[in-house]
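All remarks here apply to the structure that follows.
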Amino acid sequence: SGEGTIEELLWIAWERSGLAKTWHELALGRGVTADEADRNLDGIVALFTAAKRFVERRPDASPATFLTEVLDADVPEDTLSPRSGDDAVLITTPSGVVGLEFDTVVVAGLQEGTWPNLRLRGSLLAPQELVRIVTGVESNAIDERRQVLGDELRMFALAISRARQHLVVAAVLSEEYAGSPFLGLVPTSARQIDATRVRPLSLRGLVGELRRELVQEAAPDAASSLAALAAESVPGANPDEWHGLLPISSIGPLFEGQRVPVSPSVLEKLIESPLDWFLERMAGSDAGLHAKVGTIVHAAMETAADSSVEAIWAVIESRWNELLFDAPWLAENQRRIVRRFAEAISEYLGEFERDNKVLVGAESHFVLEVGEADLRGTIDRVERSADGAVVIVDLKTGSPVTSPAKIEAHPQLGAYQLAYAEGLLDEALESLGEHRGEGAKLLFVKQGVRGRKFREGIQVQFTAEQLESFRVRVRDAAMLIAAAEFAGKAELEDWGRGDTSRLKLHRVRAVSSD
């Protein structure tokens, strides 16, 4: 490669990539994938053209020089785009067409305040004053704005006079934009075209426009046009492909004749909106940055070499590249936030050690049968005090929950207490002697309270009645999960319920629905 040119190196890379046949086959198809393959092949052709031109101009330059110039270029080379003589479109100012004529001329931007532009020229150096002094014309006798209007009118006349056959004048008319007074010079006999009703110039756009007209206006022309496009196998033209016309694949329950998996984290969402639970479960949702940060912080708390801030931060730093940020400043801001998490965790673990508590288990998985449900969960920490009191801890990196009522009804803590009451933790606790339940708590590390960098939300030990009430809650959730239909609000607020845009998308009715 030390003696090869950039053109030769690119050919070697291209042949070894094996993409030529794949992209060629995709480009022969239809749809988004074909369009993308076309763009990829165009880009490859442009790259090879630029490399060939580079070698011709600078045969002794290294391939690295070419790559540097291409990557540092603000705009691509003009000559990469094919140039045409007769079929080219000239974009210019009125002054640029002096002495030229064209079959078709489009005069665009005829907006009030834009053309004519009555802003006075030469207001800084006033060159027109010099001309008037030389010609002996009095400045007081001249209307400056009238002069400017005359110049603008001459430019307009020059522009429209360049057309041999067709002249198009264009303007935007809306509440925000008004047309130019020059539109009044256009003969009333000229044909007016509403650009909003012009057919799209792509097959995908045309099919969409025709489908809209057919559904909303029952237009016979749209139906016949779609039939013609469907006969040519244009994607989306055949009604058999339309969303909402296919039969429902299944109307049976989601779970039938089998145990229903229930996660403690979904109990609250299920009660609030079974529909949203179903959409997020079946349609999928992105875990998001905060969830990924939480996973790393959880791991740091349990795998750090000791309870110092630096040891916890070292674990977080080792996995920081797993996070993706849209901008460096976002990454830096998140780094400062997570650093505070590490400090709060370090302070909590320091108190844990000073109180001579024992960590019984971390990230402990459990499965508990409750009626037809399998309650499945993962306990962050099980801690035992010297007097045998067992507390289950759930680490949270989000905003603290301060309402006692919400903490008392917290489903994850309730599930952990039920797991302890059913003896699922006895095996791990057996070697430590006698023990008793002391409830569960949420450990918040985002905000502290009373001089501490962390905050705790304590759920007291459940009574037998509270445990049975929670079992009923789990059984009710299992019935909702196993159902054939899921109820929910038809309209959603913009905030406060998961990935709102995704949830709204699945509420959009089919164009063919009643």
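Going by the structure tokens order, chains are called A, B, ..., each with residues numbered from 1, while ligands are numbered from 1 in the order shown.
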
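Within the 6 Å cut-off around range 360-369 of chain A, using only C-alpha atoms and omitting residues fewer than 4 positions from it on the same chain, the listed residues are Ala373, Asp374, Leu375, Arg376, Gly377, Thr378, Ile379, Asp380, Arg381, Val382 and Glu383 of chain A.
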
Take the residues just selected and output them with C-alpha atoms as a tab-separated table (two decimals), in the first residue's frame.
chain	number	residue	atom	x	y	z
A	373	ALA	CA	-49.01	-15.99	38.22
A	374	ASP	CA	-45.25	-16.43	38.39
A	375	LEU	CA	-44.00	-13.33	40.20
A	376	ARG	CA	-40.46	-12.80	38.92
A	377	GLY	CA	-38.05	-10.21	40.24
A	378	THR	CA	-34.49	-9.26	41.14
A	379	ILE	CA	-33.59	-7.92	44.56
A	380	ASP	CA	-30.78	-5.35	44.56
A	381	ARG	CA	-29.60	-5.96	48.14
A	382	VAL	CA	-30.61	-8.09	51.13
A	383	GLU	CA	-29.05	-6.68	54.31

Pick out the residues sitting within 10 Å of Thr93 in chain A, and hand them over as a list of chain:residue names; count only C-alpha atoms, and ignore anything fewer than 3 positions along from it in its own chain.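 The residues satisfying every condition are A:Leu90, A:Gly96, A:Val97, A:Val98, A:Val107, A:Met155, A:Ala159.
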
May I have the residues from that selection written out with N, CA and C atoms, as a tab-separated table (two decimals), in the first residue's frame?
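Output saved as part_22.tsv:
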chain	number	residue	atom	x	y	z
A	90	LEU	N	-30.48	27.03	-14.96
A	90	LEU	CA	-29.65	28.15	-14.53
A	90	LEU	C	-30.36	28.91	-13.41
A	96	GLY	N	-27.96	38.58	-14.16
A	96	GLY	CA	-27.20	37.51	-14.77
A	96	GLY	C	-27.77	36.98	-16.06
A	97	VAL	N	-28.95	37.42	-16.47
A	97	VAL	CA	-29.57	36.90	-17.70
A	97	VAL	C	-29.61	37.96	-18.79
A	98	VAL	N	-28.86	39.02	-18.62
A	98	VAL	CA	-28.82	40.06	-19.66
A	98	VAL	C	-28.28	39.44	-20.94
A	107	VAL	N	-39.82	32.98	-12.22
A	107	VAL	CA	-39.47	34.11	-11.36
A	107	VAL	C	-40.05	33.79	-9.98
A	155	MET	N	-35.72	45.51	-13.17
A	155	MET	CA	-35.19	44.16	-12.99
A	155	MET	C	-36.28	43.11	-13.22
A	159	ALA	N	-36.33	40.22	-16.11
A	159	ALA	CA	-36.45	38.80	-15.81
A	159	ALA	C	-37.55	38.13	-16.62

Distance of CA of Leu110 in chain A from CA of Ala163 in chain A, expressed in Å to one decimal place: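 One can read the CA of Ala163 in chain A to CA of Leu110 in chain A distance as 16.9 Å.
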
Within 12 Å of Ala314 in chain A, counting only C-alpha atoms, which residues show up once you throw out same-chain ones fewer than 3 positions away? Write them as number ranges by chain, please. A: 296-297, 299-301, 303-311, 317-320, 338-339, 342

So that I can see what lies close to range 411-414 of chain A, please list as number ranges by chain the residues with an atom at most 9 Å from it, counting only C-alpha atoms and leaving out residues fewer than 6 positions away in the same chain. A: 263-268, 377, 379, 392-394, 439-442, 459, 462, 466-467, 470

Output of the above residues as a PDB file, in the first residue's frame, restricted to N, CA and C atoms:
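The result, stored in part25.pdb:
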ATOM      1  N   SER A 263     -44.024  -9.187  36.475  1.00  0.00           N
ATOM      2  CA  SER A 263     -42.861  -8.495  37.016  1.00  0.00           C
ATOM      3  C   SER A 263     -43.327  -7.429  38.002  1.00  0.00           C
ATOM      4  N   PRO A 264     -42.674  -7.292  39.154  1.00  0.00           N
ATOM      5  CA  PRO A 264     -43.093  -6.264  40.118  1.00  0.00           C
ATOM      6  C   PRO A 264     -43.100  -4.861  39.536  1.00  0.00           C
ATOM      7  N   SER A 265     -42.202  -4.590  38.588  1.00  0.00           N
ATOM      8  CA  SER A 265     -42.079  -3.235  38.043  1.00  0.00           C
ATOM      9  C   SER A 265     -43.258  -2.829  37.162  1.00  0.00           C
ATOM     10  N   VAL A 266     -44.076  -3.796  36.712  1.00  0.00           N
ATOM     11  CA  VAL A 266     -45.183  -3.460  35.815  1.00  0.00           C
ATOM     12  C   VAL A 266     -46.525  -3.437  36.534  1.00  0.00           C
ATOM     13  N   LEU A 267     -46.557  -3.768  37.818  1.00  0.00           N
ATOM     14  CA  LEU A 267     -47.835  -3.834  38.527  1.00  0.00           C
ATOM     15  C   LEU A 267     -48.561  -2.495  38.498  1.00  0.00           C
ATOM     16  N   GLU A 268     -47.831  -1.418  38.770  1.00  0.00           N
ATOM     17  CA  GLU A 268     -48.467  -0.098  38.804  1.00  0.00           C
ATOM     18  C   GLU A 268     -48.945   0.314  37.419  1.00  0.00           C
ATOM     19  N   GLY A 377     -38.708 -11.459  39.932  1.00  0.00           N
ATOM     20  CA  GLY A 377     -38.047 -10.207  40.235  1.00  0.00           C
ATOM     21  C   GLY A 377     -36.587 -10.402  40.571  1.00  0.00           C
ATOM     22  N   ILE A 379     -33.782  -8.748  43.381  1.00  0.00           N
ATOM     23  CA  ILE A 379     -33.588  -7.917  44.564  1.00  0.00           C
ATOM     24  C   ILE A 379     -32.179  -7.326  44.525  1.00  0.00           C
ATOM     25  N   ILE A 392     -34.696  -5.363  52.901  1.00  0.00           N
ATOM     26  CA  ILE A 392     -34.450  -5.492  51.470  1.00  0.00           C
ATOM     27  C   ILE A 392     -34.331  -4.088  50.878  1.00  0.00           C
ATOM     28  N   VAL A 393     -33.288  -3.854  50.080  1.00  0.00           N
ATOM     29  CA  VAL A 393     -32.965  -2.523  49.565  1.00  0.00           C
ATOM     30  C   VAL A 393     -33.099  -2.510  48.047  1.00  0.00           C
ATOM     31  N   ASP A 394     -33.766  -1.471  47.532  1.00  0.00           N
ATOM     32  CA  ASP A 394     -33.919  -1.293  46.084  1.00  0.00           C
ATOM     33  C   ASP A 394     -33.283   0.046  45.713  1.00  0.00           C
ATOM     34  N   GLY A 439     -38.983  -5.153  56.880  1.00  0.00           N
ATOM     35  CA  GLY A 439     -39.513  -4.375  55.782  1.00  0.00           C
ATOM     36  C   GLY A 439     -38.538  -4.213  54.637  1.00  0.00           C
ATOM     37  N   ALA A 440     -38.775  -3.199  53.847  1.00  0.00           N
ATOM     38  CA  ALA A 440     -37.944  -2.929  52.670  1.00  0.00           C
ATOM     39  C   ALA A 440     -37.823  -1.417  52.505  1.00  0.00           C
ATOM     40  N   LYS A 441     -36.845  -0.999  51.695  1.00  0.00           N
ATOM     41  CA  LYS A 441     -36.669   0.445  51.515  1.00  0.00           C
ATOM     42  C   LYS A 441     -36.114   0.767  50.136  1.00  0.00           C
ATOM     43  N   LEU A 442     -36.436   1.963  49.670  1.00  0.00           N
ATOM     44  CA  LEU A 442     -35.891   2.521  48.431  1.00  0.00           C
ATOM     45  C   LEU A 442     -34.693   3.387  48.802  1.00  0.00           C
ATOM     46  N   GLN A 459     -40.512   1.189  53.657  1.00  0.00           N
ATOM     47  CA  GLN A 459     -41.796   0.492  53.691  1.00  0.00           C
ATOM     48  C   GLN A 459     -41.743  -0.478  54.873  1.00  0.00           C
ATOM     49  N   PHE A 462     -44.699  -5.779  56.294  1.00  0.00           N
ATOM     50  CA  PHE A 462     -46.100  -6.077  55.998  1.00  0.00           C
ATOM     51  C   PHE A 462     -46.695  -7.015  57.060  1.00  0.00           C
ATOM     52  N   GLN A 466     -51.715  -7.428  54.925  1.00  0.00           N
ATOM     53  CA  GLN A 466     -51.103  -6.692  53.816  1.00  0.00           C
ATOM     54  C   GLN A 466     -50.471  -7.637  52.802  1.00  0.00           C
ATOM     55  N   LEU A 467     -49.885  -8.720  53.282  1.00  0.00           N
ATOM     56  CA  LEU A 467     -49.311  -9.706  52.361  1.00  0.00           C
ATOM     57  C   LEU A 467     -50.391 -10.350  51.509  1.00  0.00           C
ATOM     58  N   PHE A 470     -51.539  -7.995  48.884  1.00  0.00           N
ATOM     59  CA  PHE A 470     -50.596  -7.912  47.769  1.00  0.00           C
ATOM     60  C   PHE A 470     -50.721  -9.126  46.857  1.00  0.00           C
TER      61      PHE A 470
END

State, in Å with one decimal place, the distance from CA of Pro400 in chain A to CA of Val315 in chain A.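 Spanning CA of Pro400 in chain A to CA of Val315 in chain A is a straight-line distance of 24.1 Å.
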
What is the CA of Pro63 in chain A to CA of Ile6 in chain A distance in Å?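 Interatomic distance here is 4.6 Å.
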
Leaving out Arg204 in chain A and any residue of its chain fewer than 4 positions from it, which residues lie within 12 Å of it when counting only C-alpha atoms, given as a PyMOL selection string? chain A and resi 30-32+35+199-200+208-211+226+229+234-237

Shortest interatomic distance to Glu434 in chain A - which of A:Asn117, A:Ala409, A:Ile458, A:Arg384, counting only C-alpha atoms: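 Ranking A:Asn117, A:Ala409, A:Ile458, A:Arg384 by distance to Glu434 in chain A, first place goes to A:Arg384.
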
Given only C-alpha atoms as the basis, pick out the residue of A:Leu270, A:Ala327, A:Val134, A:Leu100 nearest to Ala483 in chain A.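 Ranking A:Leu270, A:Ala327, A:Val134, A:Leu100 by distance to Ala483 in chain A, first place goes to A:Leu270.
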
Residue with smallest distance to Pro187 in chain A - pool A:Glu36, A:Leu47, A:Val169, A:Trp277, counting only C-alpha atoms: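 Smallest separation from Pro187 in chain A among the options: A:Val169.
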
Considering only C-alpha atoms, return as a ChimeraX atom specification whatever protein or nucleic-acid residues lie within 10 Å of range 170-172 of chain A, sequence-local ones (same chain, fewer than 3 positions apart) excluded. /A:106-112,167,175-180,183,192-193,195

Identify all residues of range 251-495 of chain A in helix (DSSP H, G or I) (DSSP on the backbone) and supply them as a PyMOL selection string. chain A and resi 264-272+274-282+288-303+309-318+320-322+328-354+404-408+411-421+426-432+464-481
